[in-house]
>>> print(open('final22.txt').read())   # compact mmCIF, N, CA and C atoms and all ligand atoms
# COMPACT_ATOMS: atom_id res chain seq x y z
N MET A 1 0.84 -1.19 0.00
CA MET A 1 0.00 0.00 0.00
C MET A 1 0.89 1.25 0.00
N ARG A 2 0.56 2.21 -0.78
CA ARG A 2 1.36 3.43 -0.86
C ARG A 2 1.22 4.23 0.44
N PRO A 3 2.35 4.64 1.06
CA PRO A 3 2.24 5.38 2.33
C PRO A 3 1.62 6.75 2.15
N LYS A 4 1.01 7.22 3.21
CA LYS A 4 0.34 8.51 3.17
C LYS A 4 1.38 9.63 3.38
N VAL A 5 1.37 10.61 2.55
CA VAL A 5 2.33 11.70 2.64
C VAL A 5 1.86 12.70 3.69
N LYS A 6 2.81 13.13 4.54
CA LYS A 6 2.47 14.12 5.56
C LYS A 6 2.08 15.43 4.90
N SER A 7 1.23 16.20 5.55
CA SER A 7 0.90 17.51 5.00
C SER A 7 2.13 18.42 5.15
N TYR A 8 2.38 19.21 4.18
CA TYR A 8 3.63 19.97 4.13
C TYR A 8 3.39 21.34 3.52
N LYS A 9 3.88 22.37 4.22
CA LYS A 9 3.75 23.72 3.69
C LYS A 9 5.13 24.19 3.23
N GLN A 10 5.23 24.53 1.99
CA GLN A 10 6.51 24.94 1.41
C GLN A 10 6.98 26.26 2.02
N PRO A 11 8.21 26.29 2.58
CA PRO A 11 8.73 27.56 3.10
C PRO A 11 8.92 28.56 1.95
N SER A 12 8.82 29.84 2.25
CA SER A 12 8.95 30.85 1.20
C SER A 12 10.39 31.26 0.98
N LYS A 13 11.27 31.03 1.99
CA LYS A 13 12.68 31.37 1.80
C LYS A 13 13.55 30.32 2.49
N LEU A 14 14.82 30.29 2.10
CA LEU A 14 15.72 29.24 2.56
C LEU A 14 15.85 29.19 4.08
N SER A 15 15.88 30.33 4.73
CA SER A 15 16.08 30.37 6.18
C SER A 15 14.92 29.73 6.94
N GLU A 16 13.81 29.53 6.29
CA GLU A 16 12.65 28.93 6.96
C GLU A 16 12.67 27.40 6.90
N TYR A 17 13.59 26.86 6.11
CA TYR A 17 13.64 25.40 6.03
C TYR A 17 14.14 24.83 7.36
N PRO A 18 13.56 23.74 7.83
CA PRO A 18 14.00 23.16 9.10
C PRO A 18 15.36 22.51 8.96
N SER A 19 16.10 22.44 10.08
CA SER A 19 17.44 21.86 10.03
C SER A 19 17.40 20.36 10.22
N THR A 20 16.64 19.70 9.45
CA THR A 20 16.63 18.24 9.38
C THR A 20 16.30 17.90 7.94
N PRO A 21 17.03 16.95 7.39
CA PRO A 21 16.94 16.77 5.94
C PRO A 21 15.69 16.09 5.41
N ALA A 22 14.95 15.39 6.24
CA ALA A 22 13.84 14.65 5.65
C ALA A 22 12.52 14.78 6.41
N PHE A 23 12.53 14.45 7.67
CA PHE A 23 11.26 14.35 8.40
C PHE A 23 10.48 15.66 8.41
N GLU A 24 11.06 16.70 9.01
CA GLU A 24 10.33 17.96 9.12
C GLU A 24 10.19 18.65 7.78
N SER A 25 11.02 18.27 6.84
CA SER A 25 10.93 18.88 5.52
C SER A 25 9.81 18.30 4.69
N GLY A 26 9.17 17.27 5.20
CA GLY A 26 8.00 16.74 4.52
C GLY A 26 8.29 15.62 3.53
N HIS A 27 9.54 15.14 3.48
CA HIS A 27 9.85 14.09 2.51
C HIS A 27 9.49 12.70 3.01
N LEU A 28 9.53 12.52 4.32
CA LEU A 28 9.18 11.21 4.85
C LEU A 28 7.67 11.08 4.97
N VAL A 29 7.25 9.87 5.07
CA VAL A 29 5.81 9.63 5.04
C VAL A 29 5.33 8.97 6.34
N SER A 30 4.53 7.95 6.26
CA SER A 30 3.99 7.37 7.47
C SER A 30 5.08 6.65 8.28
N LYS A 31 4.81 6.40 9.55
CA LYS A 31 5.78 5.80 10.46
C LYS A 31 6.37 4.51 9.89
N ASN A 32 7.67 4.33 10.08
CA ASN A 32 8.29 3.11 9.54
C ASN A 32 9.23 2.46 10.53
N ALA A 33 9.09 2.80 11.80
CA ALA A 33 10.05 2.30 12.78
C ALA A 33 9.55 1.06 13.53
N GLY A 34 8.47 0.47 13.09
CA GLY A 34 7.86 -0.62 13.83
C GLY A 34 8.69 -1.87 13.96
N TRP A 35 9.62 -2.09 13.06
CA TRP A 35 10.40 -3.33 13.10
C TRP A 35 11.78 -3.12 13.71
N ARG A 36 12.03 -1.92 14.26
CA ARG A 36 13.35 -1.62 14.82
C ARG A 36 13.61 -2.45 16.07
N THR A 37 14.85 -2.96 16.20
CA THR A 37 15.23 -3.73 17.39
C THR A 37 16.01 -2.87 18.37
N PHE A 38 16.89 -2.04 17.84
CA PHE A 38 17.68 -1.14 18.67
C PHE A 38 17.36 0.31 18.30
N LYS A 39 17.44 1.18 19.28
CA LYS A 39 17.21 2.60 19.00
C LYS A 39 18.40 3.42 19.52
N PRO A 40 18.74 4.49 18.82
CA PRO A 40 19.84 5.33 19.28
C PRO A 40 19.35 6.27 20.37
N VAL A 41 20.10 6.35 21.44
CA VAL A 41 19.77 7.28 22.53
C VAL A 41 20.94 8.25 22.69
N VAL A 42 20.64 9.53 22.62
CA VAL A 42 21.69 10.56 22.67
C VAL A 42 21.88 11.04 24.10
N ASP A 43 23.14 11.05 24.54
CA ASP A 43 23.49 11.60 25.84
C ASP A 43 23.82 13.08 25.62
N ALA A 44 22.91 13.96 25.99
CA ALA A 44 23.08 15.40 25.73
C ALA A 44 24.30 15.97 26.45
N GLU A 45 24.70 15.36 27.55
CA GLU A 45 25.88 15.85 28.28
C GLU A 45 27.15 15.60 27.49
N LYS A 46 27.21 14.46 26.81
CA LYS A 46 28.40 14.12 26.03
C LYS A 46 28.40 14.79 24.65
N CYS A 47 27.23 15.02 24.10
CA CYS A 47 27.12 15.56 22.74
C CYS A 47 27.77 16.94 22.66
N VAL A 48 28.65 17.10 21.65
CA VAL A 48 29.33 18.37 21.46
C VAL A 48 28.72 19.16 20.30
N GLY A 49 27.64 18.65 19.75
CA GLY A 49 26.93 19.40 18.72
C GLY A 49 27.65 19.49 17.39
N CYS A 50 28.45 18.48 17.06
CA CYS A 50 29.21 18.53 15.80
C CYS A 50 28.33 18.25 14.58
N LEU A 51 27.18 17.65 14.81
CA LEU A 51 26.20 17.34 13.76
C LEU A 51 26.67 16.26 12.78
N ARG A 52 27.67 15.50 13.17
CA ARG A 52 28.12 14.40 12.31
C ARG A 52 27.00 13.37 12.12
N CYS A 53 26.31 13.07 13.19
CA CYS A 53 25.21 12.10 13.10
C CYS A 53 24.11 12.62 12.18
N TYR A 54 23.87 13.88 12.23
CA TYR A 54 22.89 14.53 11.37
C TYR A 54 23.25 14.33 9.91
N LEU A 55 24.55 14.44 9.63
CA LEU A 55 25.00 14.32 8.24
C LEU A 55 24.98 12.89 7.74
N VAL A 56 25.26 11.93 8.61
CA VAL A 56 25.40 10.55 8.12
C VAL A 56 24.12 9.73 8.18
N CYS A 57 23.12 10.18 8.90
CA CYS A 57 21.89 9.38 9.01
C CYS A 57 21.28 9.19 7.62
N PRO A 58 21.16 7.96 7.17
CA PRO A 58 20.64 7.72 5.82
C PRO A 58 19.17 8.06 5.66
N ASP A 59 18.47 8.15 6.77
CA ASP A 59 17.04 8.45 6.68
C ASP A 59 16.72 9.91 7.01
N GLY A 60 17.72 10.66 7.40
CA GLY A 60 17.47 12.07 7.69
C GLY A 60 16.54 12.28 8.86
N VAL A 61 16.73 11.50 9.91
CA VAL A 61 15.82 11.62 11.04
C VAL A 61 16.50 12.17 12.29
N VAL A 62 17.70 12.72 12.11
CA VAL A 62 18.37 13.40 13.22
C VAL A 62 18.10 14.89 13.05
N ALA A 63 17.53 15.48 14.07
CA ALA A 63 17.18 16.89 13.99
C ALA A 63 18.04 17.71 14.94
N ARG A 64 18.36 18.92 14.54
CA ARG A 64 19.15 19.81 15.40
C ARG A 64 18.22 20.54 16.34
N THR A 65 18.61 20.61 17.60
CA THR A 65 17.80 21.33 18.58
C THR A 65 18.27 22.78 18.66
N LYS A 66 17.53 23.58 19.42
CA LYS A 66 17.88 25.00 19.52
C LYS A 66 19.23 25.23 20.16
N ASP A 67 19.64 24.34 21.06
CA ASP A 67 20.94 24.51 21.71
C ASP A 67 22.05 23.78 20.94
N ASN A 68 21.82 23.53 19.68
CA ASN A 68 22.81 22.93 18.77
C ASN A 68 23.21 21.51 19.17
N LYS A 69 22.31 20.81 19.82
CA LYS A 69 22.52 19.39 20.06
C LYS A 69 21.60 18.66 19.08
N VAL A 70 21.39 17.39 19.29
CA VAL A 70 20.56 16.64 18.34
C VAL A 70 19.51 15.81 19.06
N GLU A 71 18.44 15.53 18.34
CA GLU A 71 17.45 14.60 18.84
C GLU A 71 17.01 13.72 17.66
N ILE A 72 16.55 12.53 18.00
CA ILE A 72 16.18 11.55 16.98
C ILE A 72 14.66 11.54 16.82
N GLU A 73 14.21 11.52 15.60
CA GLU A 73 12.78 11.36 15.35
C GLU A 73 12.49 9.86 15.29
N TYR A 74 12.05 9.32 16.40
CA TYR A 74 11.93 7.87 16.52
C TYR A 74 10.84 7.25 15.64
N ASP A 75 9.88 8.02 15.23
CA ASP A 75 8.85 7.45 14.36
C ASP A 75 9.43 6.98 13.04
N PHE A 76 10.59 7.52 12.67
CA PHE A 76 11.15 7.21 11.36
C PHE A 76 12.53 6.57 11.42
N CYS A 77 13.15 6.53 12.60
CA CYS A 77 14.47 5.93 12.75
C CYS A 77 14.37 4.41 12.60
N LYS A 78 15.24 3.84 11.77
CA LYS A 78 15.22 2.40 11.55
C LYS A 78 16.15 1.64 12.49
N GLY A 79 16.96 2.37 13.25
CA GLY A 79 17.84 1.70 14.20
C GLY A 79 19.07 1.09 13.56
N CYS A 80 19.56 1.65 12.47
CA CYS A 80 20.70 1.07 11.76
C CYS A 80 22.00 1.22 12.54
N GLY A 81 22.11 2.24 13.40
CA GLY A 81 23.29 2.40 14.24
C GLY A 81 24.42 3.19 13.62
N ILE A 82 24.24 3.69 12.42
CA ILE A 82 25.31 4.46 11.77
C ILE A 82 25.65 5.70 12.59
N CYS A 83 24.64 6.36 13.11
CA CYS A 83 24.88 7.58 13.90
C CYS A 83 25.75 7.27 15.11
N ALA A 84 25.45 6.18 15.79
CA ALA A 84 26.23 5.80 16.97
C ALA A 84 27.66 5.43 16.58
N HIS A 85 27.81 4.75 15.48
CA HIS A 85 29.14 4.34 15.00
C HIS A 85 30.00 5.55 14.65
N GLU A 86 29.38 6.57 14.10
CA GLU A 86 30.12 7.73 13.61
C GLU A 86 30.32 8.83 14.65
N CYS A 87 29.64 8.76 15.77
CA CYS A 87 29.80 9.78 16.80
C CYS A 87 31.15 9.62 17.48
N LYS A 88 32.03 10.60 17.35
CA LYS A 88 33.40 10.48 17.83
C LYS A 88 33.53 10.62 19.34
N VAL A 89 32.51 11.11 20.00
CA VAL A 89 32.59 11.25 21.46
C VAL A 89 31.69 10.23 22.17
N GLU A 90 31.20 9.28 21.38
CA GLU A 90 30.36 8.19 21.92
C GLU A 90 29.17 8.70 22.72
N ALA A 91 28.53 9.70 22.15
CA ALA A 91 27.36 10.27 22.82
C ALA A 91 26.08 9.52 22.47
N ILE A 92 26.16 8.62 21.50
CA ILE A 92 24.97 7.88 21.10
C ILE A 92 25.15 6.40 21.44
N THR A 93 24.20 5.86 22.13
CA THR A 93 24.21 4.44 22.49
C THR A 93 23.02 3.76 21.84
N MET A 94 23.27 2.60 21.25
CA MET A 94 22.17 1.82 20.68
C MET A 94 21.59 0.96 21.80
N VAL A 95 20.34 1.19 22.09
CA VAL A 95 19.68 0.52 23.21
C VAL A 95 18.58 -0.38 22.69
N LYS A 96 18.54 -1.60 23.19
CA LYS A 96 17.50 -2.52 22.77
C LYS A 96 16.14 -1.94 23.19
N GLU A 97 15.20 -1.99 22.30
CA GLU A 97 13.89 -1.38 22.56
C GLU A 97 13.32 -1.82 23.91
N ALA A 98 13.42 -3.11 24.20
CA ALA A 98 12.84 -3.64 25.42
C ALA A 98 13.56 -3.15 26.67
N ASP A 99 14.82 -2.70 26.50
CA ASP A 99 15.62 -2.28 27.65
C ASP A 99 15.55 -0.78 27.89
N GLU A 100 14.70 -0.10 27.15
CA GLU A 100 14.68 1.36 27.17
C GLU A 100 14.49 1.92 28.58
N ASP A 101 13.69 1.27 29.39
CA ASP A 101 13.41 1.78 30.73
C ASP A 101 14.57 1.60 31.69
N GLU A 102 15.57 0.82 31.25
CA GLU A 102 16.67 0.51 32.16
C GLU A 102 17.77 1.55 32.14
N ILE A 103 17.70 2.52 31.22
CA ILE A 103 18.78 3.51 31.17
C ILE A 103 18.35 4.81 31.84
S1 LIG M 201 27.82 12.95 16.29
FE1 LIG M 201 27.71 12.77 18.52
S2 LIG M 201 28.60 14.68 19.31
FE2 LIG M 201 28.11 15.01 17.15
S3 LIG M 201 26.05 15.93 17.20
FE3 LIG M 201 25.79 13.71 16.95
S4 LIG M 201 25.53 12.93 19.07
FE4 LIG M 201 26.38 15.01 19.21
S1 LIG M 202 19.96 4.63 13.92
FE1 LIG M 202 20.18 4.96 11.68
S2 LIG M 202 18.18 5.73 11.02
FE2 LIG M 202 18.24 5.96 13.26
S3 LIG M 202 19.00 8.04 13.61
FE3 LIG M 202 20.79 6.68 13.64
S4 LIG M 202 21.58 6.70 11.53
FE4 LIG M 202 19.46 7.51 11.48
>>> encode(input="final22.txt", output="structure tokens")
Amino acid sequence: MRPKVKSYKQPSKLSEYPSTPAFESGHLVSKNAGWRTFKPVVDAEKCVGCLRCYLVCPDGVVARTKDNKVEIEYDFCKGCGICAHECKVEAITMVKEADEDEI
């Protein structure tokens, strides 16, 4: 079945585009994270805001926060772990979905 496209309002100028490459920009569609086994969890204390994870996420689901850190849009994250692998300060940990309450 073809996924439903999110409603999206085109920004009028470049500065209005959100700082996330896919989700908030309206390119992603309905939730696709249902089969994920591990999820990335960002330690905001360790994160230095380099945005490397933002650049390497193949699904564009890492978003920049106002304080120049990052957060994951879990509805669309597939749990591939690339962000955690590429974070040079080990601020991202891949956590088994069932163990989420233990951290
Ligand atoms: S790669 Fe690591 S340090 Fe850099 S923004 Fe992402 S979580 Fe923060
Ligand atoms: S686990 Fe994969 S899909 Fe999820 S935020 Fe990290 S790089 Fe993106």
>>> closest_atom_pairs(input="final22.txt", of="chain A", to="ligand LIG 201 (chain M)", cutoff="8 Å", atoms="only C-alpha atoms and all ligand atoms", output="JSON lines")
{"residue": "A:Val42", "atom": "CA", "partner": "M:LIG201", "partner_atom": "S4", "distance": 5.8}
{"residue": "A:Asp43", "atom": "CA", "partner": "M:LIG201", "partner_atom": "S4", "distance": 7.2}
{"residue": "A:Ala44", "atom": "CA", "partner": "M:LIG201", "partner_atom": "FE4", "distance": 7.3}
{"residue": "A:Lys46", "atom": "CA", "partner": "M:LIG201", "partner_atom": "S2", "distance": 6.7}
{"residue": "A:Cys47", "atom": "CA", "partner": "M:LIG201", "partner_atom": "FE4", "distance": 3.6}
{"residue": "A:Val48", "atom": "CA", "partner": "M:LIG201", "partner_atom": "S2", "distance": 4.3}
{"residue": "A:Gly49", "atom": "CA", "partner": "M:LIG201", "partner_atom": "S3", "distance": 3.9}
{"residue": "A:Cys50", "atom": "CA", "partner": "M:LIG201", "partner_atom": "FE2", "distance": 3.9}
{"residue": "A:Leu51", "atom": "CA", "partner": "M:LIG201", "partner_atom": "S3", "distance": 3.7}
{"residue": "A:Arg52", "atom": "CA", "partner": "M:LIG201", "partner_atom": "S1", "distance": 4.2}
{"residue": "A:Cys53", "atom": "CA", "partner": "M:LIG201", "partner_atom": "S1", "distance": 4.2}
{"residue": "A:Tyr54", "atom": "CA", "partner": "M:LIG201", "partner_atom": "FE3", "distance": 6.3}
{"residue": "A:Asn68", "atom": "CA", "partner": "M:LIG201", "partner_atom": "S3", "distance": 7.9}
{"residue": "A:Lys69", "atom": "CA", "partner": "M:LIG201", "partner_atom": "S3", "distance": 5.7}
{"residue": "A:Val70", "atom": "CA", "partner": "M:LIG201", "partner_atom": "S3", "distance": 5.7}
{"residue": "A:Cys83", "atom": "CA", "partner": "M:LIG201", "partner_atom": "S1", "distance": 6.6}
{"residue": "A:Ala84", "atom": "CA", "partner": "M:LIG201", "partner_atom": "FE1", "distance": 7.3}
{"residue": "A:Glu86", "atom": "CA", "partner": "M:LIG201", "partner_atom": "S1", "distance": 6.3}
{"residue": "A:Cys87", "atom": "CA", "partner": "M:LIG201", "partner_atom": "S1", "distance": 3.8}
{"residue": "A:Lys88", "atom": "CA", "partner": "M:LIG201", "partner_atom": "FE1", "distance": 6.2}
{"residue": "A:Val89", "atom": "CA", "partner": "M:LIG201", "partner_atom": "S2", "distance": 5.7}
{"residue": "A:Glu90", "atom": "CA", "partner": "M:LIG201", "partner_atom": "FE1", "distance": 6.3}
{"residue": "A:Ala91", "atom": "CA", "partner": "M:LIG201", "partner_atom": "S4", "distance": 4.9}
{"residue": "A:Ile92", "atom": "CA", "partner": "M:LIG201", "partner_atom": "S4", "distance": 5.5}
>>> residues_near_ligand(input="final22.txt", ligand="ligand LIG 202 (chain M)", cutoff="12 Å", atoms="only C-alpha atoms and all ligand atoms", output="VMD selection string")
chain A and resid 20 to 23 32 to 33 36 to 42 51 to 64 70 to 87 91 to 96
>>> select_by_dssp(input="final22.txt", residues="segment 35-84 of chain A", states="helix (DSSP H, G or I)", output="list in words")
Arg52, Cys53, Tyr54, Leu55, Val56, Ile82, Cys83 and Ala84 of chain A
>>> atom_distance(input="final22.txt", atom1="atom CA of Trp35 of chain A", atom2="atom CA of Thr65 of chain A")
26.3 Å
